[in-house]
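Chemist: Structure file work-v4.txt, compact mmCIF, C-alpha atoms, is pasted below:
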```txt
# COMPACT_ATOMS: atom_id res chain seq x y z
CA MET A 1 -26.79 195.71 23.57
CA LYS A 2 -25.20 199.11 24.10
CA GLN A 3 -21.99 197.97 22.37
CA ARG A 4 -24.01 196.65 19.45
CA THR A 5 -25.89 199.95 19.10
CA LEU A 6 -22.66 201.94 19.08
CA TRP A 7 -21.15 199.59 16.49
CA SER A 8 -24.25 199.97 14.26
CA ALA A 9 -24.07 203.75 14.48
CA ALA A 10 -20.38 203.67 13.59
CA LEU A 11 -21.10 201.39 10.64
CA VAL A 12 -23.78 203.73 9.30
CA MET A 13 -21.39 206.68 9.59
CA GLY A 14 -18.63 204.74 7.87
CA LEU A 15 -20.90 203.61 5.06
CA ALA A 16 -22.12 207.16 4.55
CA LEU A 17 -18.65 208.58 4.24
CA ALA A 18 -17.17 205.67 2.28
CA ALA A 19 -19.97 205.81 -0.28
CA GLY A 20 -18.38 208.85 -1.81
CA CYS A 21 -17.63 212.44 -0.83
CA GLY A 22 -17.99 215.14 -3.42
CA SER A 23 -14.98 216.77 -4.98
CA ALA A 24 -16.41 219.17 -7.49
CA ALA A 25 -14.25 222.09 -8.53
CA GLY A 26 -14.21 224.98 -6.11
CA PRO A 27 -15.06 228.52 -7.16
CA GLY A 28 -12.51 229.74 -9.64
CA SER A 29 -11.20 226.26 -10.44
CA PRO A 30 -11.28 225.18 -14.09
CA SER A 31 -14.22 222.85 -14.65
CA GLY A 32 -12.23 220.98 -17.30
CA ASN A 33 -9.78 219.54 -14.75
CA SER A 34 -9.88 215.76 -15.12
CA GLY A 35 -9.76 215.45 -11.33
CA ASP A 36 -13.10 217.22 -10.91
CA LYS A 37 -15.90 214.97 -9.71
CA LEU A 38 -19.50 215.21 -8.60
CA VAL A 39 -21.03 212.47 -6.49
CA VAL A 40 -24.79 211.85 -6.63
CA TRP A 41 -26.73 209.92 -4.01
CA ASP A 42 -30.13 208.49 -4.86
CA TRP A 43 -32.09 205.26 -4.77
CA LYS A 44 -33.09 205.30 -8.45
CA SER A 45 -29.94 205.15 -10.57
CA GLY A 46 -29.41 201.44 -9.90
CA ASP A 47 -32.80 200.58 -11.37
CA ALA A 48 -32.64 199.24 -14.92
CA LYS A 49 -35.68 201.33 -15.82
CA ALA A 50 -33.74 204.48 -14.91
CA ALA A 51 -30.65 203.61 -16.99
CA GLY A 52 -31.74 205.61 -20.01
CA TYR A 53 -32.67 208.56 -17.81
CA VAL A 54 -29.24 208.61 -16.13
CA GLU A 55 -27.37 208.32 -19.44
CA LYS A 56 -29.35 211.19 -20.99
CA ALA A 57 -28.70 213.38 -17.94
CA LYS A 58 -24.97 212.57 -17.93
CA ALA A 59 -24.72 213.30 -21.66
CA ASP A 60 -26.44 216.66 -21.22
CA PHE A 61 -24.13 217.59 -18.34
CA ALA A 62 -21.02 216.49 -20.24
CA LYS A 63 -21.79 219.06 -22.94
CA LYS A 64 -21.59 221.81 -20.32
CA HIS A 65 -18.73 220.42 -18.23
CA PRO A 66 -16.80 217.85 -20.30
CA GLY A 67 -14.03 217.47 -17.74
CA VAL A 68 -16.20 216.80 -14.70
CA GLU A 69 -16.77 213.18 -13.75
CA VAL A 70 -20.18 212.21 -12.39
CA GLU A 71 -20.53 209.22 -10.05
CA PHE A 72 -23.97 207.90 -9.10
CA VAL A 73 -24.16 206.00 -5.81
CA ALA A 74 -27.47 204.16 -5.52
CA GLN A 75 -28.30 203.66 -1.85
CA PRO A 76 -30.89 201.20 -0.49
CA PHE A 77 -34.07 203.17 0.09
CA ASP A 78 -34.81 201.62 3.49
CA GLN A 79 -31.47 203.01 4.78
CA TYR A 80 -31.29 206.10 2.61
CA TYR A 81 -32.23 208.84 5.05
CA THR A 82 -30.26 207.22 7.86
CA LEU A 83 -27.12 207.20 5.72
CA LEU A 84 -27.84 210.73 4.55
CA GLY A 85 -28.32 211.88 8.15
CA ALA A 86 -24.87 210.55 9.03
CA ALA A 87 -23.36 212.40 6.08
CA ILE A 88 -25.11 215.62 7.05
CA GLN A 89 -23.92 215.28 10.64
CA SER A 90 -20.33 214.93 9.44
CA GLY A 91 -20.62 217.80 6.97
CA LYS A 92 -19.25 215.58 4.21
CA GLY A 93 -20.98 213.54 1.58
CA PRO A 94 -22.50 213.69 -1.90
CA ASP A 95 -22.70 216.89 -3.90
CA VAL A 96 -26.13 216.19 -5.39
CA ILE A 97 -28.84 214.42 -3.38
CA LEU A 98 -32.21 212.93 -4.30
CA PHE A 99 -35.13 213.68 -1.97
CA ASN A 100 -38.79 212.88 -1.62
CA GLY A 101 -40.85 216.04 -1.65
CA GLY A 102 -42.33 217.35 1.59
CA GLY A 103 -41.06 216.72 5.09
CA GLN A 104 -38.02 214.68 4.10
CA ILE A 105 -36.38 217.60 2.30
CA ARG A 106 -37.80 220.40 4.44
CA ASP A 107 -36.43 218.82 7.59
CA ARG A 108 -32.95 218.82 6.00
CA ALA A 109 -33.06 222.18 4.22
CA ASP A 110 -30.28 223.55 6.44
CA ALA A 111 -27.90 221.09 4.77
CA LEU A 112 -28.76 222.26 1.26
CA ALA A 113 -27.94 225.18 -0.98
CA PRO A 114 -30.88 227.26 -2.26
CA LEU A 115 -31.26 226.76 -6.00
CA ASP A 116 -33.48 229.69 -6.96
CA THR A 117 -30.79 231.64 -8.83
CA TYR A 118 -29.74 228.55 -10.79
CA VAL A 119 -33.10 227.13 -11.91
CA ALA A 120 -34.97 230.31 -12.86
CA GLU A 121 -35.11 229.25 -16.53
CA ASP A 122 -36.80 225.96 -15.59
CA ARG A 123 -39.63 227.42 -13.53
CA GLN A 124 -42.26 227.44 -16.26
CA ARG A 125 -41.28 224.13 -17.85
CA LEU A 126 -41.28 222.07 -14.64
CA ALA A 127 -44.15 221.55 -12.21
CA GLY A 128 -44.15 220.42 -8.58
CA TRP A 129 -41.80 223.02 -7.09
CA ASP A 130 -43.80 223.61 -3.90
CA ALA A 131 -42.90 220.21 -2.45
CA PHE A 132 -39.23 221.22 -2.47
CA THR A 133 -39.50 224.69 -0.97
CA LYS A 134 -39.20 226.01 2.56
CA ASP A 135 -39.57 229.58 3.78
CA GLY A 136 -39.75 230.85 0.22
CA LYS A 137 -36.54 229.15 -0.96
CA THR A 138 -36.19 226.24 -3.37
CA TYR A 139 -33.92 223.36 -2.34
CA ALA A 140 -34.45 220.84 -5.15
CA ALA A 141 -35.71 220.67 -8.71
CA PRO A 142 -38.62 218.28 -9.29
CA VAL A 143 -38.01 215.17 -11.39
CA THR A 144 -41.46 213.60 -11.13
CA LEU A 145 -44.97 214.41 -10.06
CA GLN A 146 -46.18 211.97 -7.44
CA GLY A 147 -49.73 211.31 -6.40
CA HIS A 148 -52.05 208.66 -5.06
CA PRO A 149 -54.76 207.56 -7.51
CA LEU A 150 -57.26 204.88 -6.53
CA TYR A 151 -56.70 202.12 -9.09
CA TYR A 152 -59.15 199.31 -9.73
CA ASN A 153 -59.15 196.05 -11.68
CA LYS A 154 -61.82 196.39 -14.35
CA ALA A 155 -61.84 192.66 -15.05
CA LEU A 156 -62.80 191.84 -11.45
CA TYR A 157 -65.57 194.44 -11.51
CA GLU A 158 -66.91 192.91 -14.71
CA GLN A 159 -66.68 189.35 -13.34
CA ALA A 160 -68.75 190.50 -10.36
CA GLY A 161 -71.46 191.87 -12.66
CA LEU A 162 -70.57 195.51 -12.00
CA ASN A 163 -70.05 198.16 -14.66
CA PRO A 164 -66.28 198.62 -14.85
CA ASP A 165 -66.72 202.02 -16.48
CA ALA A 166 -68.95 203.37 -13.71
CA PRO A 167 -67.22 202.88 -10.34
CA ALA A 168 -68.98 203.90 -7.14
CA LYS A 169 -69.23 207.60 -6.37
CA THR A 170 -69.87 207.29 -2.62
CA TRP A 171 -68.09 205.36 0.12
CA ASP A 172 -71.20 203.37 1.04
CA ASP A 173 -71.71 202.25 -2.57
CA PHE A 174 -68.00 201.49 -2.88
CA VAL A 175 -68.14 199.18 0.16
CA LYS A 176 -71.27 197.49 -1.22
CA ASN A 177 -69.51 196.89 -4.53
CA CYS A 178 -66.55 195.45 -2.66
CA GLY A 179 -68.89 192.99 -0.96
CA VAL A 180 -70.25 191.88 -4.31
CA ILE A 181 -66.75 191.48 -5.76
CA THR A 182 -65.57 189.37 -2.82
CA GLU A 183 -68.70 187.21 -2.99
CA LYS A 184 -68.43 186.64 -6.75
CA THR A 185 -64.65 186.45 -7.22
CA GLY A 186 -63.07 185.88 -3.82
CA ALA A 187 -60.91 189.00 -4.23
CA LYS A 188 -60.50 191.40 -1.33
CA CYS A 189 -61.52 195.04 -1.64
CA PHE A 190 -58.13 196.66 -0.93
CA ALA A 191 -54.54 195.60 -1.41
CA LEU A 192 -52.79 197.20 1.56
CA GLY A 193 -49.22 197.14 2.82
CA ASN A 194 -48.50 198.81 6.15
CA LYS A 195 -45.44 196.94 7.38
CA GLU A 196 -43.41 200.15 7.13
CA GLY A 197 -46.35 202.34 8.18
CA ILE A 198 -46.63 203.70 4.64
CA GLY A 199 -50.16 202.49 3.92
CA ILE A 200 -51.72 205.18 6.12
CA GLN A 201 -49.96 207.90 4.12
CA PHE A 202 -51.60 206.69 0.93
CA PHE A 203 -54.98 206.24 2.64
CA LEU A 204 -54.95 209.70 4.25
CA SER A 205 -54.05 211.48 1.04
CA ALA A 206 -56.25 209.42 -1.30
CA LEU A 207 -59.42 209.70 0.80
CA GLY A 208 -58.74 213.10 2.35
CA SER A 209 -60.35 215.17 -0.38
CA ALA A 210 -63.45 212.94 -0.20
CA THR A 211 -63.74 213.44 3.56
CA LEU A 212 -62.58 216.98 4.39
CA THR A 213 -64.41 220.06 3.20
CA PRO A 214 -62.46 222.16 0.67
CA GLN A 215 -61.77 224.73 3.39
CA GLU A 216 -60.51 222.07 5.80
CA TYR A 217 -58.29 220.69 3.06
CA ASP A 218 -56.79 224.07 2.19
CA ASP A 219 -56.26 224.86 5.87
CA TRP A 220 -54.46 221.55 6.35
CA ILE A 221 -52.05 222.28 3.50
CA ALA A 222 -51.51 225.81 4.84
CA GLY A 223 -50.50 224.40 8.23
CA LYS A 224 -53.73 225.23 10.06
CA ARG A 225 -54.65 221.63 10.87
CA ASN A 226 -57.53 220.88 13.23
CA TRP A 227 -56.87 217.35 14.41
CA ALA A 228 -59.97 217.44 16.61
CA SER A 229 -62.21 217.93 13.57
CA SER A 230 -64.78 215.15 13.14
CA ASP A 231 -63.84 214.99 9.46
CA VAL A 232 -60.15 214.42 10.25
CA LYS A 233 -61.09 211.75 12.79
CA ARG A 234 -63.36 210.16 10.20
CA ILE A 235 -60.38 209.33 7.97
CA PHE A 236 -58.73 207.36 10.76
CA GLU A 237 -62.03 205.74 11.67
CA LEU A 238 -62.40 204.54 8.08
CA TRP A 239 -58.84 203.21 8.21
CA LYS A 240 -59.72 201.03 11.18
CA GLN A 241 -63.24 200.13 10.05
CA ALA A 242 -62.07 198.98 6.61
CA ASN A 243 -59.63 196.58 8.20
CA ASP A 244 -62.08 195.38 10.87
CA ALA A 245 -64.64 194.68 8.13
CA GLY A 246 -62.17 192.50 6.23
CA LEU A 247 -61.82 194.83 3.26
CA ASN A 248 -58.01 194.58 3.29
CA ASN A 249 -55.83 191.64 2.37
CA ASP A 250 -54.90 189.52 5.37
CA GLY A 251 -51.90 190.64 7.43
CA ALA A 252 -51.74 194.24 6.23
CA ASN A 253 -49.37 195.17 9.07
CA SER A 254 -46.94 192.45 7.99
CA THR A 255 -47.25 193.20 4.26
CA ALA A 256 -44.69 195.54 2.70
CA MET A 257 -46.12 198.26 0.51
CA PHE A 258 -43.17 197.94 -1.88
CA ASN A 259 -43.86 195.67 -3.58
CA ASP A 260 -45.88 192.98 -1.80
CA ALA A 261 -49.11 194.99 -1.56
CA PHE A 262 -48.90 195.92 -5.23
CA ALA A 263 -48.34 192.24 -6.07
CA VAL A 264 -51.64 191.43 -4.33
CA PHE A 265 -53.42 193.83 -6.68
CA GLN A 266 -51.50 192.77 -9.77
CA SER A 267 -52.30 189.10 -9.14
CA GLY A 268 -56.05 189.80 -9.01
CA LYS A 269 -56.34 189.04 -5.28
CA ALA A 270 -57.68 192.53 -4.55
CA ALA A 271 -59.96 194.72 -6.65
CA ASN A 272 -58.55 198.11 -5.62
CA VAL A 273 -55.29 199.64 -4.50
CA ILE A 274 -54.20 203.14 -3.59
CA GLY A 275 -51.03 203.33 -5.63
CA LEU A 276 -48.68 205.90 -7.03
CA MET A 277 -48.85 207.75 -10.29
CA SER A 278 -45.14 207.78 -11.00
CA ASP A 279 -42.37 205.22 -11.62
CA VAL A 280 -43.35 202.34 -9.26
CA GLY A 281 -46.64 200.86 -8.03
CA HIS A 282 -48.32 202.75 -10.82
CA TRP A 283 -50.27 202.54 -14.06
CA LYS A 284 -47.38 201.15 -16.11
CA ASP A 285 -46.51 198.39 -13.63
CA PHE A 286 -50.14 197.38 -13.25
CA ALA A 287 -50.70 197.36 -17.02
CA GLU A 288 -47.88 194.85 -17.47
CA PHE A 289 -49.80 192.34 -15.35
CA LEU A 290 -53.46 193.21 -15.93
CA GLY A 291 -53.36 194.78 -19.39
CA ALA A 292 -53.57 198.50 -20.02
CA ASP A 293 -57.30 198.44 -20.74
CA GLU A 294 -58.07 196.64 -17.46
CA VAL A 295 -56.43 199.26 -15.20
CA GLY A 296 -59.02 201.78 -14.04
CA VAL A 297 -58.58 205.00 -12.08
CA MET A 298 -61.52 206.28 -10.02
CA ASP A 299 -62.17 209.39 -7.97
CA ALA A 300 -62.07 208.79 -4.24
CA PRO A 301 -65.59 207.69 -3.22
CA LEU A 302 -67.38 210.50 -1.43
CA VAL A 303 -67.43 210.14 2.37
CA ASN A 304 -68.63 213.64 3.22
CA PRO A 305 -71.29 215.25 0.96
CA ALA A 306 -69.60 218.61 1.58
CA ALA A 307 -66.26 217.39 0.19
CA THR A 308 -64.89 217.71 -3.35
CA PRO A 309 -62.74 214.72 -4.37
CA SER A 310 -59.54 215.57 -6.23
CA LEU A 311 -56.29 213.91 -7.22
CA PRO A 312 -53.70 214.31 -4.44
CA TYR A 313 -50.29 215.03 -5.92
CA ASP A 314 -47.09 217.02 -5.42
CA GLY A 315 -43.59 217.13 -6.72
CA GLY A 316 -42.51 213.53 -6.21
CA ILE A 317 -38.74 213.26 -6.15
CA GLY A 318 -36.17 215.95 -6.85
CA TYR A 319 -32.45 216.57 -6.74
CA GLY A 320 -30.85 219.16 -4.48
CA VAL A 321 -27.30 220.42 -3.91
CA ALA A 322 -25.46 219.93 -0.61
CA LYS A 323 -24.26 223.13 1.03
CA TRP A 324 -20.75 221.63 1.24
CA ALA A 325 -20.49 221.20 -2.55
CA LYS A 326 -17.32 223.00 -3.62
CA ASP A 327 -18.93 224.58 -6.66
CA PRO A 328 -22.71 224.93 -6.19
CA LYS A 329 -23.17 226.27 -9.71
CA VAL A 330 -21.59 223.21 -11.34
CA ALA A 331 -23.61 220.94 -9.05
CA ALA A 332 -26.76 222.91 -9.93
CA ASP A 333 -25.96 222.42 -13.61
CA LEU A 334 -26.05 218.67 -12.97
CA VAL A 335 -29.44 219.09 -11.29
CA ARG A 336 -30.64 220.94 -14.38
CA SER A 337 -29.37 218.08 -16.57
CA LEU A 338 -31.22 215.61 -14.36
CA THR A 339 -34.40 217.60 -15.04
CA SER A 340 -33.77 218.21 -18.74
CA THR A 341 -36.50 217.34 -21.22
CA ASP A 342 -34.47 214.56 -22.89
CA ALA A 343 -33.66 212.89 -19.57
CA LEU A 344 -37.20 213.14 -18.22
CA SER A 345 -38.65 211.88 -21.50
CA ALA A 346 -36.53 208.74 -21.10
CA PHE A 347 -37.66 208.33 -17.49
CA TYR A 348 -41.27 208.46 -18.62
CA ALA A 349 -40.81 206.14 -21.60
CA ASP A 350 -38.77 203.49 -19.76
CA GLY A 351 -40.16 203.65 -16.25
CA GLY A 352 -43.59 205.23 -16.59
CA ALA A 353 -42.69 208.23 -14.44
CA ILE A 354 -45.12 211.13 -14.70
CA ALA A 355 -42.34 213.61 -15.23
CA SER A 356 -42.35 217.15 -13.90
CA ASP A 357 -41.71 218.47 -17.41
CA THR A 358 -45.03 219.79 -18.69
CA THR A 359 -43.82 219.79 -22.31
CA ILE A 360 -43.60 215.98 -22.53
CA ASP A 361 -46.44 214.29 -24.44
CA LEU A 362 -48.09 211.65 -22.23
CA SER A 363 -51.05 210.94 -24.51
CA GLU A 364 -49.83 207.49 -25.56
CA GLY A 365 -49.69 206.16 -22.00
CA GLY A 366 -53.04 204.37 -22.09
CA PRO A 367 -56.44 204.96 -20.40
CA ALA A 368 -55.16 205.10 -16.81
CA VAL A 369 -52.45 207.66 -17.42
CA LYS A 370 -54.84 209.75 -19.52
CA THR A 371 -57.26 209.87 -16.59
CA ILE A 372 -54.48 210.80 -14.18
CA VAL A 373 -53.12 213.56 -16.40
CA SER A 374 -56.62 214.95 -16.98
CA GLU A 375 -57.03 215.33 -13.20
CA VAL A 376 -53.72 217.06 -12.54
CA LYS A 377 -55.13 220.50 -13.33
CA THR A 378 -57.73 220.25 -10.56
CA GLY A 379 -55.54 218.24 -8.18
CA LYS A 380 -54.35 219.44 -4.79
CA PRO A 381 -51.24 218.72 -2.69
CA ALA A 382 -51.28 215.43 -0.79
CA LEU A 383 -52.20 215.71 2.88
CA HIS A 384 -49.35 213.60 4.25
CA VAL A 385 -46.71 215.54 2.30
CA ALA A 386 -47.64 218.68 4.27
CA LEU A 387 -46.61 216.98 7.53
CA SER A 388 -43.12 216.87 9.00
CA SER A 389 -41.22 213.60 8.62
CA LYS A 390 -41.41 213.20 12.41
CA THR A 391 -45.20 213.35 12.38
CA VAL A 392 -45.41 211.08 9.34
CA ASP A 393 -43.24 208.48 11.09
CA LEU A 394 -45.42 208.68 14.21
CA MET A 395 -48.55 208.34 12.09
CA GLY A 396 -47.13 205.16 10.60
CA ARG A 397 -46.56 203.58 14.01
CA LEU A 398 -49.97 204.66 15.29
CA SER A 399 -51.68 203.35 12.16
CA GLN A 400 -50.24 199.90 12.86
CA GLN A 401 -51.62 200.06 16.39
CA LEU A 402 -55.02 201.08 15.05
CA LEU A 403 -55.13 198.03 12.80
CA SER A 404 -54.09 195.78 15.68
CA GLY A 405 -56.71 197.33 17.99
CA SER A 406 -54.23 198.49 20.64
CA ILE A 407 -55.10 202.20 20.40
CA THR A 408 -58.19 204.32 19.79
CA VAL A 409 -58.79 206.91 17.09
CA ASP A 410 -59.07 209.64 19.74
CA GLU A 411 -55.65 208.71 21.12
CA VAL A 412 -54.18 208.70 17.62
CA VAL A 413 -55.36 212.19 16.67
CA GLN A 414 -54.29 213.57 20.07
CA GLN A 415 -50.76 212.27 19.63
CA LEU A 416 -50.56 213.47 16.05
CA ALA A 417 -51.82 216.91 17.04
CA ALA A 418 -49.10 217.18 19.69
CA SER A 419 -46.41 216.08 17.23
CA ASP A 420 -47.66 218.43 14.52
CA LYS A 421 -47.63 221.34 16.96
CA THR A 422 -43.95 220.85 17.82
CA GLY A 423 -42.98 220.44 14.18
```
What does this structure look like when you write it as structure tokens?
Modeler:
Amino acid sequence: MKQRTLWSAALVMGLALAAGCGSAAGPGSPSGNSGDKLVVWDWKSGDAKAAGYVEKAKADFAKKHPGVEVEFVAQPFDQYYTLLGAAIQSGKGPDVILFNGGGQIRDRADALAPLDTYVAEDRQRLAGWDAFTKDGKTYAAPVTLQGHPLYYNKALYEQAGLNPDAPAKTWDDFVKNCGVITEKTGAKCFALGNKEGIGIQFFLSALGSATLTPQEYDDWIAGKRNWASSDVKRIFELWKQANDAGLNNDGANSTAMFNDAFAVFQSGKAANVIGLMSDVGHWKDFAEFLGADEVGVMDAPLVNPAATPSLPYDGGIGYGVAKWAKDPKVAADLVRSLTSTDALSAFYADGGAIASDTTIDLSEGGPAVKTIVSEVKTGKPALHVALSSKTVDLMGRLSQQLLSGSITVDEVVQQLAASDKTG
């Protein structure tokens, strides 16, 4: 077993280094040298829906640096941060790196070059910067805005005799409606995938603003989290109670969020799903299966009368520059091309990404996207994004135990509090 573990670690390191080390021009080197090269790591560029986005970004960059080659290396997402960790440990790897906003980039900020001096002109045009900052410095430019709307299947609501244009406003009424839908149509209330421990992230952030008071919410985002609060505990109690009551699809802990849980919703086997608002598991994907007019977006049903439901969203994904890049300015120019209006417009049109560029017209996206965009102005950062990646990973494991009944809510919040305290 020990030999196998060592071999696996060596393989990961080898894959990380073999996948491509950057060789951008160093300071003072002519950018037109045909040997110049920038290597980009992400998990998006291999997706057919991102092809137009990548081509637009490369074309924009080529105008500024015609002699610099750009190579995109699409890594598998389930291994992405492991491979990246090996590259960071070696001090060699890609020049430009895609990150999720929040803990994933903040935990690795020491491996990145601050971009503030390079992206000053983009500050007003792009939104979502906070998810890519740490200690007042910016480490990536946002490509998308990512959030967690509560989607519902209007056709199922109508089949059950419910008004699809007037979803429940409170949690109790929401659960009652779910009972009616299951009785009339056989569909479950929630499509949930928690095989990777991701489902709890969506649940926490989607229902958080309907459960915490506005002050508790703001304190959480500011890092002053009270895990012993009855309102915080209530979120995890609802997580367990919903599953115990049969509201979720069967086998949630063995169902992958991407894309098995979304397939449950798209196939009409569940009436609701907490999805994403950008580029996968989102309004555009759902509309392809259900029809654009049948995809509804509702406010989180009120759990606590003192709460104020809002759309949870942040900067979704963004590109940063590795500190070992030979020419950070050239690499930063590629980041700027990857967040140019033309490139992001293509990402929205082809993949349905809610781009970070506030100048892009999203009005033709259909009813669901119009609702989402209308709620962005009053939205707040997602609760799980404020946590460290270590605490998020722990929360995922504990959430699985909660669903299986092998741990209590009190034990969960105690362990999360201890993890959050140590960062």
Chemist: What's around Ala346 in chain A at 9 Å? Count all atoms listed in the file, leave out sequence neighbours fewer than 2 positions away in its own chain, and write the answer as JSON, numbers by chain.
Modeler: {"A": [50, 51, 52, 53, 54, 56, 341, 342, 343, 344, 348, 349, 350, 351]}
Chemist: Taking only C-alpha atoms into account, which of A:Val119, A:Leu126, A:Ile198, A:Ile360 comes nearest Gly396 in chain A?
Modeler: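 Distance minimum relative to Gly396 in chain A lands on A:Ile198.
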Chemist: Do you know which residues are at most 8 Å from Phe174 in chain A counting all atoms listed in the file, after dropping those on the same chain fewer than 6 positions away, and could you put them as an NGL selection string?
Modeler: :A and (167-168 or 301)
Chemist: Between CA of Thr144 in chain A and CA of Lys329 in chain A, what is the distance, to one decimal in Å?
Modeler: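 Separating CA of Thr144 in chain A from CA of Lys329 in chain A is a distance of 22.3 Å.
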Chemist: Rank nothing, just name the residue among A:Gln89, A:Ser267, A:Phe236, A:Ser209 nearest to Glu411 in chain A, using only C-alpha atoms.
Modeler: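 Using only C-alpha atoms, Glu411 in chain A sits closest to A:Phe236.
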Chemist: So that I can check the surroundings of Ile407 in chain A, please list as number ranges by chain every protein, DNA and RNA residue that reaches within 12 Å of it, counting all atoms listed in the file and ignoring chain neighbours fewer than 5 positions away.
Modeler: A: 236-237, 240, 397-402, 412-415
Chemist: When you look at Pro164 in chain A with a cut-off of 9 Å (counting all atoms listed in the file), what residues show up, excluding the ones that are within fewer than 2 positions of it in the same chain? I need them as a VMD selection string.
Modeler: chain A and resid 152 to 158 161 to 162 166 to 167 294 296
Chemist: Tell me which of A:Trp227, A:Trp239, A:Phe190, A:Tyr319 sits closest to Phe203 in chain A, counting all atoms listed in the file.
Modeler: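 Counting all atoms listed in the file, the residue closest to Phe203 in chain A is A:Trp239.
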Chemist: At what distance in Å, to one decimal, does CA of Gly208 in chain A lie from CA of Lys169 in chain A?
Modeler: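 Computing the Euclidean distance for CA of Lys169 in chain A and CA of Gly208 in chain A yields 14.7 Å.
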Chemist: So that I can check the surroundings of Arg225 in chain A, please list as an MDAnalysis selection string every protein, DNA and RNA residue that reaches within 8 Å of it, counting all atoms listed in the file and ignoring chain neighbours fewer than 5 positions away.
Modeler: chainID A and resid 216 219:220
